[in-house]
Amino acid sequence: MEPTLVGGNSSAASPSGSVSHNTNGTNANAAPSGHQGSHSISAAQPQSTVSTLSRAELKKAKAVSDAIDKSLRADKERLQKERGAKLLILGPSETGKTTVLKQLKLLYGRKGLDAERQTYRRVVHLNAMKAIQALSYGLQRANIPLEHAENIAHLETVMRLETTLKRYSITSIGFTNPAIPRKITDAKAETDMFLEMVPAIKALWADGGIQETFRTGSNLNLQDSAKYFLDSIDRIADLNYVPTDDDILQARVRTLAVSEHLFNIDGVTYRIYDVGGQKSLRKYWAPYFDDVNAIIFMVALSAYDQTCEDDERQNRLQECMSLFNSIANHKLFEITSFILFLNKIDIFQRKLEMGSLVSTYFPEYRGPNDYANTTMFFQHRFLQQCKDTAKQVYTHFTHATEEGREDSKDQPTVLSDIEVFCSVKMK
Ligand SMILES: Nc1nc2c(ncn2[C@@H]2O[C@H](COP(=O)(O)OP(=O)(O)OP(=O)(O)O)[C@@H](O)[C@H]2O)c(=O)[nH]1
Ligand SMILES: [Mg+2]
């Protein structure tokens, strides 16, 4: 079974079906209470006293200790239920943080997502225009000729979009941004602009030159959803088009501000925070670091062959590891549970199949260039970042844009992991 965000993972060993590892690499699917200071009789009694206690006294002391433990646990659970569980979704840009949040909304907050559906229509149109524009620039940069000379006019139309699209950035779904010119925040103006572009987008996407650019181009600055939307151009250009759940998962809006999302599941409130992953936005994370129950750390495995947007000398996955290092070893997260999502496995697998060698970018890797061995290598590299080798980090290999199916409702989900982590009883 291919691992997916909802319902799939690489092992069924833990109660939630996730793979749990101590960071020293051993499998540790024991209950996740290991690092929450337990009150045990053997630890509490000095050796000399223990030897002078009778069996009956020891038994009695143990019973008292167990009762204290139980009562402490119950108090903690009650408090947690009242306060709710606080979760942060952290990680670099474009790793899929907001996509995971959308998955949670699809499962537990569909109403909220339905209200945003019309706004996503504009995001989808914008994504399609940006995709064809990035390909057109790539074609020019690489001096690849167009297959059909008559498409030059379309190419020019798309290039002229540059200045308009630069100003045109939807920063946060549902919020109008004063920085966006009025003309552009106007949904009708945007739709008209997109519809005018459709013939050019269709003709160029069908052109052999653009296809070659798509196949061979590097540093195209192309979004992962480019092909998905360009292939669907007729459907998304329909006047009655309403984005599907899949479209919403594929739509890309860069997160600029930290946002809080509340989910109420079986009487427990989950406060989940989505942050902007760009380097310049990470300074805004710290105010949210207190009292965190769990952190979902997102990694785009597929970025192993990419460089950072703002520094072409730095490998993207390497930079992600450094970020994980600073988060996993942060003083405020000593007892915080960690869920590591090694995401975008679909793209990662495709790259391997096309012959891209992991060892080109990570020369220390000497194993076979197959999915099983390379993913294990990266998992190990991430877990190695934790200085506390007893820290439990639950790892999932995920494909966050794959929609959870109705019939997978009973399968373990992201939230079933979160539930275990927070030690919150849901029922
Ligand atoms: N193919 C594929 N695409 C994915 C996957 N996860 C996310 N994406 C796409 O990757 C793009 C970026 O995802 P986001 O969720 O917006 O990334 P983010 O981490 O929130 O990025 P910032 O807001 O900039 O920090 C979107 O177009 C998603 O549809 C995946 O597993 N596979
Ligand atoms: Mg985001």
# chains A, B, ... in the order shown; residues from 1 in each chain; ligands from 1
call {"tool": "residues_around", "arguments": {"residues": "segment 200-204 of chain A", "least_positions_apart": "3", "cutoff": "6 Å", "atoms": "only C-alpha atoms", "output": "VMD selection string"}}
result
chain A and resid 154 197 207
call {"tool": "residues_near_ligand", "arguments": {"ligand": "ligand 2", "cutoff": "12 Å", "atoms": "only C-alpha atoms and all ligand atoms", "output": "PyMOL selection string"}}
result
chain A and resi 89-102+171-173+249-259+273-278+281+298
call {"tool": "atom_distance", "arguments": {"atom1": "atom CA of Asp245 of chain A", "atom2": "atom CA of His399 of chain A"}}
result
15.0 Å
call {"tool": "select_by_dssp", "arguments": {"residues": "segment 70-150 of chain A", "states": "alpha helix (DSSP H)", "output": "compact mmCIF listing (two decimals) with N, CA and C atoms, in the first residue's frame"}}
result
# COMPACT_ATOMS: atom_id res chain seq x y z
N LYS A 70 -2.15 8.01 38.94
CA LYS A 70 -3.46 7.98 38.27
C LYS A 70 -4.15 9.33 38.42
N SER A 71 -4.08 9.85 39.65
CA SER A 71 -4.77 11.11 39.89
C SER A 71 -4.09 12.26 39.11
N LEU A 72 -2.75 12.21 39.06
CA LEU A 72 -2.04 13.24 38.28
C LEU A 72 -2.42 13.18 36.81
N ARG A 73 -2.51 11.93 36.32
CA ARG A 73 -2.87 11.75 34.90
C ARG A 73 -4.27 12.27 34.63
N ALA A 74 -5.18 11.95 35.58
CA ALA A 74 -6.57 12.38 35.39
C ALA A 74 -6.66 13.90 35.40
N ASP A 75 -5.90 14.53 36.35
CA ASP A 75 -5.89 16.00 36.43
C ASP A 75 -5.38 16.60 35.14
N LYS A 76 -4.31 15.99 34.63
CA LYS A 76 -3.69 16.51 33.40
C LYS A 76 -4.66 16.40 32.23
N GLU A 77 -5.32 15.24 32.17
CA GLU A 77 -6.26 15.03 31.07
C GLU A 77 -7.41 16.03 31.15
N ARG A 78 -7.89 16.26 32.40
CA ARG A 78 -9.02 17.19 32.56
C ARG A 78 -8.59 18.60 32.13
N LEU A 79 -7.41 18.99 32.61
CA LEU A 79 -6.89 20.32 32.25
C LEU A 79 -6.74 20.47 30.75
N GLN A 80 -6.20 19.40 30.15
CA GLN A 80 -5.95 19.44 28.72
C GLN A 80 -7.26 19.53 27.94
N LYS A 81 -8.26 18.82 28.46
CA LYS A 81 -9.56 18.84 27.81
C LYS A 81 -10.14 20.25 27.86
N GLU A 82 -9.96 20.89 29.04
CA GLU A 82 -10.50 22.24 29.20
C GLU A 82 -9.78 23.24 28.29
N ARG A 83 -8.45 23.13 28.30
CA ARG A 83 -7.65 24.08 27.51
C ARG A 83 -7.63 23.73 26.03
N LYS A 97 2.54 22.40 4.65
CA LYS A 97 1.91 22.67 5.95
C LYS A 97 0.43 23.03 5.78
N THR A 98 0.17 23.99 4.89
CA THR A 98 -1.22 24.41 4.71
C THR A 98 -2.04 23.28 4.10
N THR A 99 -1.39 22.44 3.31
CA THR A 99 -2.11 21.33 2.69
C THR A 99 -2.58 20.34 3.76
N VAL A 100 -1.74 20.10 4.77
CA VAL A 100 -2.14 19.22 5.87
C VAL A 100 -3.34 19.82 6.61
N LEU A 101 -3.29 21.13 6.79
CA LEU A 101 -4.40 21.81 7.45
C LEU A 101 -5.69 21.65 6.64
N LYS A 102 -5.55 21.75 5.31
CA LYS A 102 -6.74 21.57 4.45
C LYS A 102 -7.27 20.15 4.61
N GLN A 103 -6.37 19.18 4.72
CA GLN A 103 -6.81 17.79 4.91
C GLN A 103 -7.62 17.67 6.21
N LEU A 104 -7.13 18.34 7.25
CA LEU A 104 -7.84 18.30 8.53
C LEU A 104 -9.22 18.95 8.38
N LYS A 105 -9.26 20.04 7.61
CA LYS A 105 -10.56 20.70 7.39
C LYS A 105 -11.50 19.78 6.61
N LEU A 106 -10.94 19.07 5.64
CA LEU A 106 -11.79 18.15 4.86
C LEU A 106 -12.39 17.08 5.76
N LEU A 107 -11.62 16.66 6.75
CA LEU A 107 -12.10 15.60 7.64
C LEU A 107 -12.98 16.13 8.76
N TYR A 108 -12.62 17.29 9.31
CA TYR A 108 -13.29 17.73 10.54
C TYR A 108 -13.85 19.13 10.49
N ARG A 110 -15.39 20.66 7.35
CA ARG A 110 -15.76 20.82 5.95
C ARG A 110 -16.49 22.13 5.68
N LYS A 111 -17.32 22.55 6.65
CA LYS A 111 -18.11 23.76 6.46
C LYS A 111 -17.22 24.96 6.16
N GLY A 112 -16.14 25.07 6.94
CA GLY A 112 -15.20 26.17 6.78
C GLY A 112 -14.60 26.18 5.39
N LEU A 113 -14.29 24.98 4.91
CA LEU A 113 -13.65 24.87 3.61
C LEU A 113 -14.65 25.21 2.49
N ASP A 114 -15.90 24.78 2.69
CA ASP A 114 -16.93 25.08 1.68
C ASP A 114 -17.12 26.59 1.53
N ALA A 115 -17.00 27.29 2.65
CA ALA A 115 -17.17 28.75 2.60
C ALA A 115 -16.03 29.39 1.79
N GLU A 116 -14.88 28.74 1.76
CA GLU A 116 -13.73 29.31 1.05
C GLU A 116 -13.65 28.87 -0.42
N ARG A 117 -14.56 27.98 -0.80
CA ARG A 117 -14.45 27.34 -2.12
C ARG A 117 -14.38 28.37 -3.27
N GLN A 118 -15.24 29.39 -3.20
CA GLN A 118 -15.26 30.38 -4.29
C GLN A 118 -13.94 31.14 -4.36
N THR A 119 -13.35 31.39 -3.19
CA THR A 119 -12.07 32.11 -3.18
C THR A 119 -11.00 31.27 -3.85
N TYR A 120 -11.09 29.96 -3.64
CA TYR A 120 -10.09 29.06 -4.25
C TYR A 120 -10.18 29.07 -5.77
N ARG A 121 -11.35 29.42 -6.29
CA ARG A 121 -11.51 29.50 -7.75
C ARG A 121 -10.46 30.48 -8.31
N ARG A 122 -10.32 31.60 -7.62
CA ARG A 122 -9.37 32.62 -8.09
C ARG A 122 -7.94 32.14 -7.92
N VAL A 123 -7.70 31.43 -6.82
CA VAL A 123 -6.35 30.92 -6.59
C VAL A 123 -5.97 29.94 -7.71
N VAL A 124 -6.92 29.08 -8.08
CA VAL A 124 -6.66 28.09 -9.13
C VAL A 124 -6.33 28.80 -10.44
N HIS A 125 -7.12 29.83 -10.78
CA HIS A 125 -6.86 30.58 -12.02
C HIS A 125 -5.47 31.22 -11.97
N LEU A 126 -5.17 31.80 -10.84
CA LEU A 126 -3.86 32.45 -10.69
C LEU A 126 -2.73 31.42 -10.81
N ASN A 127 -2.92 30.26 -10.18
CA ASN A 127 -1.89 29.20 -10.25
C ASN A 127 -1.65 28.78 -11.70
N ALA A 128 -2.74 28.65 -12.48
CA ALA A 128 -2.59 28.23 -13.88
C ALA A 128 -1.84 29.29 -14.68
N MET A 129 -2.16 30.55 -14.44
CA MET A 129 -1.48 31.63 -15.18
C MET A 129 0.00 31.68 -14.81
N LYS A 130 0.28 31.54 -13.52
CA LYS A 130 1.69 31.58 -13.08
C LYS A 130 2.47 30.40 -13.66
N ALA A 131 1.80 29.25 -13.77
CA ALA A 131 2.47 28.04 -14.27
C ALA A 131 2.89 28.24 -15.72
N ILE A 132 1.98 28.74 -16.56
CA ILE A 132 2.32 28.88 -17.98
C ILE A 132 3.37 29.98 -18.15
N GLN A 133 3.29 30.96 -17.28
CA GLN A 133 4.28 32.04 -17.36
C GLN A 133 5.68 31.53 -17.00
N ALA A 134 5.77 30.73 -15.95
CA ALA A 134 7.09 30.18 -15.54
C ALA A 134 7.66 29.32 -16.66
N LEU A 135 6.78 28.56 -17.33
CA LEU A 135 7.25 27.69 -18.43
C LEU A 135 7.72 28.53 -19.61
N SER A 136 7.00 29.63 -19.87
CA SER A 136 7.38 30.48 -21.00
C SER A 136 8.75 31.11 -20.76
N TYR A 137 8.99 31.56 -19.53
CA TYR A 137 10.31 32.11 -19.20
C TYR A 137 11.39 31.05 -19.31
N GLY A 138 11.05 29.84 -18.82
CA GLY A 138 12.02 28.74 -18.88
C GLY A 138 12.39 28.42 -20.32
N LEU A 139 11.38 28.44 -21.20
CA LEU A 139 11.60 28.15 -22.62
C LEU A 139 12.55 29.19 -23.23
N GLN A 140 12.29 30.45 -22.91
CA GLN A 140 13.16 31.52 -23.45
C GLN A 140 14.57 31.41 -22.92
N ARG A 141 14.70 31.18 -21.59
CA ARG A 141 16.03 31.10 -20.98
C ARG A 141 16.85 29.97 -21.58
call {"tool": "closest_residue", "arguments": {"among": "A:Ala189, A:Ala286, A:Ile233, A:Ala400", "to": "ligand 1", "atoms": "only C-alpha atoms and all ligand atoms"}}
result
A:Ala400
call {"tool": "atom_distance", "arguments": {"atom1": "atom CA of Ala390 of chain A", "atom2": "atom CA of Phe333 of chain A"}}
result
13.6 Å
call {"tool": "atom_distance", "arguments": {"atom1": "atom CA of Ala328 of chain A", "atom2": "atom CA of Gln385 of chain A"}}
result
7.6 Å
call {"tool": "residues_around", "arguments": {"residues": "Glu309 of chain A", "least_positions_apart": "4", "cutoff": "10 Å", "atoms": "only C-alpha atoms", "output": "MDAnalysis selection string"}}
result
chainID A and resid 93 219 221 278:279 313:316
call {"tool": "select_by_dssp", "arguments": {"residues": "segment 72-313 of chain A", "states": "strand (DSSP E or B)", "output": "PyMOL selection string"}}
result
chain A and resi 85-90+259-265+268-274+294-300+307-308+311-313
call {"tool": "closest_residue", "arguments": {"among": "A:Thr191, A:Ser356, A:Gln379, A:Asn151", "to": "Asn240 of chain A", "atoms": "only C-alpha atoms"}}
result
A:Thr191
call {"tool": "closest_residue", "arguments": {"among": "A:Leu53, A:Ile236, A:Val299, A:Leu146", "to": "ligand 1", "atoms": "only C-alpha atoms and all ligand atoms"}}
result
A:Val299
call {"tool": "closest_residue", "arguments": {"among": "A:Thr375, A:Val242, A:Cys320, A:Thr336", "to": "Asp291 of chain A", "atoms": "only C-alpha atoms"}}
result
A:Thr336
call {"tool": "closest_residue", "arguments": {"among": "A:Val158, A:Ile272, A:Ile265, A:Ile248", "to": "ligand 1", "atoms": "only C-alpha atoms and all ligand atoms"}}
result
A:Ile248
call {"tool": "closest_residue", "arguments": {"among": "A:Phe289, A:Trp205, A:Phe348, A:Phe324", "to": "ligand 1", "atoms": "only C-alpha atoms and all ligand atoms"}}
result
A:Phe348
